[in-house]
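K.L.:
The structure under discussion is supplied below as structure tokens; questions concerning it will follow.
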Amino acid sequence: MWSFTKSRKAKERAYRDAGMKLVARLVSELGLPGWGSNLLPTYSAQEIGAIDAGYSRFQRLADQEGGGAPGKTYFHPDIVPKIRRKIAADELMSYADRLCGFGSEVSTNWKFAASAYLKSWAAMLEPAALQNLGELLANG
């Protein structure tokens with residue numbers, strides 16, 4: 001392996017570890033719902049509904065593009081977990097955005113939105129989820 005590959009992996013690990021420390025601190029200090037004592041997320045019925053709707057939309061799109069019958073497009077088992085994580089992350093971020101509304105006033109559901117942003121980040125480690133969380137907290 002080339003040295004820059006190790007460096008990139010070390011940076012990725014440091015980013016993930018720092019993010020998990022942030023998750024632990026915010027969950028604890030802000031009393032955010034939807035997190036177990038071991039920092040594994042638990043999902044509300046609304047979050048599960050949003051994720052399931054995203055899975056369904058993706059399957060319909062795949063079926064249309066594949067020219068097959070509804071529900072008959074299959075994916076290689078090695079890629080399915082990555083697809084599911086990406087969809088879950090995107091749907092959790094959209095769900096949190098809907099809770100916030102990003103109007104002039106902070107939503108009464110801000111803790112649920114903050115928790116959903118952190119769950120979105122944990123699924124794919126996308127910085128956009130932390131950026132949206134930062135905007136939510138800055139407006140509060």
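Residues in the structure tokens are named by chain (A, B, ... in the order shown) and by number from 1 within that chain; ligands are numbered from 1 in the order shown.
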Near Thr108 (chain A), counting only C-alpha atoms, which residues have an atom at most 10 Å away, once you skip same-chain residues fewer than 5 positions from it, shown as a list in words?
P.N.:
Leu99, Cys100 and Ala113 of chain A
K.L.:
Listing only residues of region 83-102 of chain A within 9 Å of region 32-50 of chain A, what is the closest atom pair and its distance in Å (to one decimal) for each, using only C-alpha atoms, sorted by chain and residue number ascending, as a tab-separated table?
P.N.:
residue	atom	partner	partner_atom	distance
A:Ala88	CA	A:Ala50	CA	8.3
A:Glu91	CA	A:Ala50	CA	5.9
A:Leu92	CA	A:Glu47	CA	6.6
A:Ser94	CA	A:Ala50	CA	8.5
A:Tyr95	CA	A:Ala50	CA	6.7
K.L.:
Give me the residues within 6 Å of region 128-135 of chain A as a ChimeraX atom specification, counting only C-alpha atoms and dropping any in the same chain fewer than 3 places off.
P.N.:
/A:114,117,121,138
K.L.:
Go ahead and save the picked residues with C-alpha atoms, as a PDB file, in the first residue's frame.
P.N.:
ATOM      1  CA  ALA A 114     -31.300  16.742  16.197  1.00  0.00           C
ATOM      2  CA  TYR A 117     -29.547  14.294  12.016  1.00  0.00           C
ATOM      3  CA  TRP A 121     -24.642  11.038  10.099  1.00  0.00           C
ATOM      4  CA  ALA A 138     -27.340  27.756  16.151  1.00  0.00           C
TER       5      ALA A 138
END
K.L.:
Tell me which protein, DNA and RNA residues are within 10 Å of Ala62 (chain A), counting only C-alpha atoms, leaving out same-chain ones fewer than 6 positions away, and put them as a list in words.
P.N.:
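Result of the neighbour search: Ser56, Gly68, Pro70, Gly71, Lys72, Thr73, Tyr74 and Phe75 of chain A.
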K.L.:
Give me a file of those residues, with N, CA and C atoms, as a JSON list (two decimals), in the first residue's frame.
P.N.:
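Wrote out-v8.json, looks like this:
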[["chain", "number", "residue", "atom", "x", "y", "z"],
["A", 56, "SER", "N", -38.99, 1.98, -0.65],
["A", 56, "SER", "CA", -40.03, 1.70, -1.65],
["A", 56, "SER", "C", -39.83, 2.54, -2.90],
["A", 68, "GLY", "N", -38.33, -4.34, -15.43],
["A", 68, "GLY", "CA", -38.94, -5.54, -14.88],
["A", 68, "GLY", "C", -40.27, -5.28, -14.22],
["A", 70, "PRO", "N", -42.81, -4.96, -11.04],
["A", 70, "PRO", "CA", -42.62, -4.35, -9.72],
["A", 70, "PRO", "C", -42.09, -5.35, -8.69],
["A", 71, "GLY", "N", -41.05, -4.91, -7.97],
["A", 71, "GLY", "CA", -40.47, -5.74, -6.91],
["A", 71, "GLY", "C", -39.57, -6.86, -7.40],
["A", 72, "LYS", "N", -39.29, -6.91, -8.68],
["A", 72, "LYS", "CA", -38.50, -8.01, -9.23],
["A", 72, "LYS", "C", -37.05, -7.65, -9.54],
["A", 73, "THR", "N", -36.66, -6.39, -9.36],
["A", 73, "THR", "CA", -35.27, -6.01, -9.58],
["A", 73, "THR", "C", -34.49, -6.36, -8.32],
["A", 74, "TYR", "N", -33.44, -7.12, -8.50],
["A", 74, "TYR", "CA", -32.62, -7.56, -7.38],
["A", 74, "TYR", "C", -31.23, -6.96, -7.48],
["A", 75, "PHE", "N", -30.58, -6.86, -6.34],
["A", 75, "PHE", "CA", -29.24, -6.29, -6.27],
["A", 75, "PHE", "C", -28.30, -7.33, -5.68]]
K.L.:
Would you list the contacts of Val23 (chain A) as a VMD selection string, taking every protein, DNA or RNA residue within 7 Å and counting only C-alpha atoms, but skipping same-chain residues closer than 4 positions in sequence?
P.N.:
chain A and resid 19 27 118
K.L.:
With a distance cut-off of 12 Å and only C-alpha atoms, select the neighbouring residues of region 5-15 of chain A, excluding the residue or stretch itself and same-chain residues fewer than 2 positions from it, and output the selection as a list in words.
P.N.:
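Counting only C-alpha atoms, the residues come to Met1, Trp2, Ser3, Asp17, Ala18, Gly19, Met20, Lys21, Leu22, Trp121, Ala122, Met124, Leu125, Glu126 and Pro127 of chain A.
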K.L.:
Taking the DSSP secondary structure from the backbone, can you list the residues of region 47-117 of chain A that are helix (DSSP H, G or I), as a PyMOL selection string?
P.N.:
chain A and resi 47-66+80-100+110-117
K.L.:
To one decimal place in Å, what is the distance between CA of Gly67 (chain A) and CA of Asp90 (chain A)?
P.N.:
25.2 Å
K.L.:
Select, from A:Leu30, A:Ile51, A:Ala69, A:Leu61, the residue with the minimum atom-to-atom distance to Met93 (chain A), counting only C-alpha atoms.
P.N.:
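Smallest distance to Met93 (chain A) is found for A:Ile51.
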K.L.:
Do you have the CA of Ala24 (chain A)-CA of Lys86 (chain A) distance handy?
P.N.:
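Those two atoms sit 22.0 Å apart.
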K.L.:
Which value, in Å to one decimal, gives the distance between CA of Pro81 (chain A) and CA of Ala123 (chain A)?
P.N.:
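If I compute the distance from CA of Pro81 (chain A) to CA of Ala123 (chain A), I get 10.7 Å.
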